[in-house]
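What follows is one structure encoded as structure tokens, with my remarks underneath.
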Amino acid sequence: MRTLVLNAGYEPLAVISFRRALVLVMNQRAVVVHTDEAHPVHAANGTWDRPSVILLTRYVRMPRLHRVPVSRRGVLRRDEHRCAYCGRSAMTIDHVLPRSRGGKDTWENLVACCQRCNNAKGNRTPAEMGWQLRWTPTVPGARGWVVRGYEASVPEWDEYLVAAA
């Protein structure tokens, strides 16, 4: 189980283990905002509620990223591992404008693509194939891209992550 960490301004900072969260709470460095009541923590000297969301008692400034760096993992994450051409599960990335024709490694030119569509498209543009992109690739800008572990969030975190987007 993991715990979402918020700074004193309720901005999401990180996702940590519940053990680390308990240590922060016990040392009075954080306050529990939301608990996972279905899974209490049992120890030799007592039982505690498992923290799902904690709030740091001191304000920690959120790092400002002016531009999210392009990566294969990031493109797949942005496109939710779905092929931009057919919508099936994707494990590869494709240059919309092929690199051999001057296409760059940018968020706007890279999309997630399934192996079948990637092989069929080859060195052509979607227009030459008669294909259309299911969405327009853009630079991710939400705060969630800074928070490690955000992509596998739990429902209790939604209200805190939506405010940060």
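Residue names in the structure tokens use chain letters A, B, ... in the order shown, residue numbers from 1 in each chain, and ligand numbers from 1 in the order shown.
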For this session: Give me the residues within 12 Å of Met129 (chain A) as a VMD selection string, counting only C-alpha atoms and dropping any in the same chain fewer than 2 places off.
Result: chain A and resid 85 96 117 to 118 120 to 127 131 to 133
Dump N, CA and C atoms for the selected residues as a PDB file, in the first residue's frame?
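File produced: selection.pdb:
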```pdb
ATOM      1  N   TYR A  85      -3.541   5.231 -33.433  1.00  0.00           N
ATOM      2  CA  TYR A  85      -4.163   4.970 -34.722  1.00  0.00           C
ATOM      3  C   TYR A  85      -5.364   4.027 -34.623  1.00  0.00           C
ATOM      4  N   VAL A  96       4.982  10.742 -35.759  1.00  0.00           N
ATOM      5  CA  VAL A  96       3.904  11.084 -36.692  1.00  0.00           C
ATOM      6  C   VAL A  96       4.523  11.523 -38.014  1.00  0.00           C
ATOM      7  N   CYS A 117       0.411  -1.456 -36.168  1.00  0.00           N
ATOM      8  CA  CYS A 117       0.275  -0.164 -36.863  1.00  0.00           C
ATOM      9  C   CYS A 117       1.645   0.444 -37.152  1.00  0.00           C
ATOM     10  N   ASN A 118       2.583   0.284 -36.233  1.00  0.00           N
ATOM     11  CA  ASN A 118       3.923   0.834 -36.414  1.00  0.00           C
ATOM     12  C   ASN A 118       4.593   0.197 -37.637  1.00  0.00           C
ATOM     13  N   ALA A 120       3.025  -1.309 -40.186  1.00  0.00           N
ATOM     14  CA  ALA A 120       2.260  -0.965 -41.387  1.00  0.00           C
ATOM     15  C   ALA A 120       2.561   0.460 -41.842  1.00  0.00           C
ATOM     16  N   LYS A 121       2.689   1.386 -40.907  1.00  0.00           N
ATOM     17  CA  LYS A 121       2.928   2.792 -41.246  1.00  0.00           C
ATOM     18  C   LYS A 121       4.319   2.996 -41.823  1.00  0.00           C
ATOM     19  N   GLY A 122       5.300   2.348 -41.207  1.00  0.00           N
ATOM     20  CA  GLY A 122       6.662   2.448 -41.715  1.00  0.00           C
ATOM     21  C   GLY A 122       7.161   3.878 -41.777  1.00  0.00           C
ATOM     22  N   ASN A 123       7.611   4.303 -42.964  1.00  0.00           N
ATOM     23  CA  ASN A 123       8.235   5.602 -43.169  1.00  0.00           C
ATOM     24  C   ASN A 123       7.270   6.605 -43.810  1.00  0.00           C
ATOM     25  N   ARG A 124       5.991   6.444 -43.538  1.00  0.00           N
ATOM     26  CA  ARG A 124       4.983   7.325 -44.138  1.00  0.00           C
ATOM     27  C   ARG A 124       4.281   8.147 -43.072  1.00  0.00           C
ATOM     28  N   THR A 125       3.557   9.143 -43.515  1.00  0.00           N
ATOM     29  CA  THR A 125       2.762   9.950 -42.587  1.00  0.00           C
ATOM     30  C   THR A 125       1.371   9.336 -42.487  1.00  0.00           C
ATOM     31  N   PRO A 126       0.630   9.658 -41.431  1.00  0.00           N
ATOM     32  CA  PRO A 126      -0.736   9.130 -41.330  1.00  0.00           C
ATOM     33  C   PRO A 126      -1.611   9.536 -42.521  1.00  0.00           C
ATOM     34  N   ALA A 127      -1.420  10.737 -43.051  1.00  0.00           N
ATOM     35  CA  ALA A 127      -2.207  11.185 -44.201  1.00  0.00           C
ATOM     36  C   ALA A 127      -1.939  10.316 -45.428  1.00  0.00           C
ATOM     37  N   TRP A 131      -4.879   7.389 -42.605  1.00  0.00           N
ATOM     38  CA  TRP A 131      -5.200   7.240 -41.188  1.00  0.00           C
ATOM     39  C   TRP A 131      -5.374   8.596 -40.536  1.00  0.00           C
ATOM     40  N   GLN A 132      -6.059   8.594 -39.399  1.00  0.00           N
ATOM     41  CA  GLN A 132      -6.188   9.804 -38.592  1.00  0.00           C
ATOM     42  C   GLN A 132      -5.808   9.473 -37.155  1.00  0.00           C
ATOM     43  N   LEU A 133      -5.187  10.423 -36.505  1.00  0.00           N
ATOM     44  CA  LEU A 133      -4.863  10.251 -35.097  1.00  0.00           C
ATOM     45  C   LEU A 133      -6.151  10.324 -34.288  1.00  0.00           C
TER      46      LEU A 133
END
```
Exercise. Taking the backbone alone, and naming residues the way the document does, which bits of chain A are strand (DSSP E) by DSSP, as a PyMOL selection string?
Worked result: chain A and resi 2-6+12-17+30-43+46-56+92-95+110-113
Problem set entry | Near-Ala90 (chain A) list (6 Å; only C-alpha atoms; drop same-chain fewer than 2 positions) as a list in words |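 Returned residues: His81, Arg82, Cys83, Thr92, Ala112, Cys113 and Cys114 of chain A.
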Go ahead and write the residues just picked, N, CA and C atoms, as a PDB file, in the first residue's frame.
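Written out: selection34.pdb:
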```pdb
ATOM      1  N   HIS A  81      -0.992   4.022 -22.808  1.00  0.00           N
ATOM      2  CA  HIS A  81      -0.624   2.768 -23.472  1.00  0.00           C
ATOM      3  C   HIS A  81      -1.663   2.347 -24.516  1.00  0.00           C
ATOM      4  N   ARG A  82      -2.243   3.317 -25.208  1.00  0.00           N
ATOM      5  CA  ARG A  82      -3.222   3.054 -26.265  1.00  0.00           C
ATOM      6  C   ARG A  82      -2.664   3.554 -27.589  1.00  0.00           C
ATOM      7  N   CYS A  83      -2.853   2.761 -28.644  1.00  0.00           N
ATOM      8  CA  CYS A  83      -2.371   3.128 -29.979  1.00  0.00           C
ATOM      9  C   CYS A  83      -3.133   4.355 -30.474  1.00  0.00           C
ATOM     10  N   THR A  92       4.990   0.428 -28.217  1.00  0.00           N
ATOM     11  CA  THR A  92       6.034   1.137 -28.957  1.00  0.00           C
ATOM     12  C   THR A  92       5.587   2.581 -29.165  1.00  0.00           C
ATOM     13  N   ALA A 112       1.984   6.955 -28.842  1.00  0.00           N
ATOM     14  CA  ALA A 112       2.030   5.523 -28.549  1.00  0.00           C
ATOM     15  C   ALA A 112       1.438   4.792 -29.751  1.00  0.00           C
ATOM     16  N   CYS A 113       2.001   3.637 -30.053  1.00  0.00           N
ATOM     17  CA  CYS A 113       1.573   2.918 -31.247  1.00  0.00           C
ATOM     18  C   CYS A 113       1.725   1.414 -31.010  1.00  0.00           C
ATOM     19  N   CYS A 114       0.775   0.626 -31.513  1.00  0.00           N
ATOM     20  CA  CYS A 114       0.907  -0.828 -31.403  1.00  0.00           C
ATOM     21  C   CYS A 114       1.899  -1.311 -32.467  1.00  0.00           C
TER      22      CYS A 114
END
```
For this session: Just list the residues in region 15-47 of chain A DSSP gives alpha helix (DSSP H) on the backbone, as number ranges by chain.
Result: A: 18-26
Problem set entry | Nearest candidate to Leu56 (chain A) (options A:Ser100, A:Ser71, A:Thr35, A:Asn27; using only C-alpha atoms) | A:Asn27
For this session: Would you mind listing what lies within 10 Å of region 37-44 of chain A as an NGL selection string, with only C-alpha atoms counted and same-chain residues fewer than 5 positions away left out?
Result: :A and (1 or 18-19 or 22 or 49-52)
Problem set entry | Atomic separation - CA of Thr3 (chain A) relative to CA of Val25 (chain A), Å |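 CA of Thr3 (chain A) lies 11.8 Å from CA of Val25 (chain A).
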Problem set entry | Residues within 9 Å of Arg58 (chain A), only C-alpha atoms, excluding chain neighbours under 4 positions, as a PyMOL selection string | chain A and resi 7-8+29-30
For this session: Could you tell me how far CA of Asp158 (chain A) lies from CA of Val68 (chain A), in Å and to one decimal?
Result: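 Going from CA of Asp158 (chain A) over to CA of Val68 (chain A), I get 22.1 Å.
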For this session: Skip Thr106 (chain A) itself and residues of its chain fewer than 6 positions away, then list as a PyMOL selection string all residues within 12 Å of it, counting only C-alpha atoms.
Result: chain A and resi 67-72+74-75+93-99+137-140
Exercise. For Leu6 (chain A), which residue among A:Leu76, A:Ile54, A:Val154, A:Met91 is the nearest when counting only C-alpha atoms?
Worked result: A:Ile54
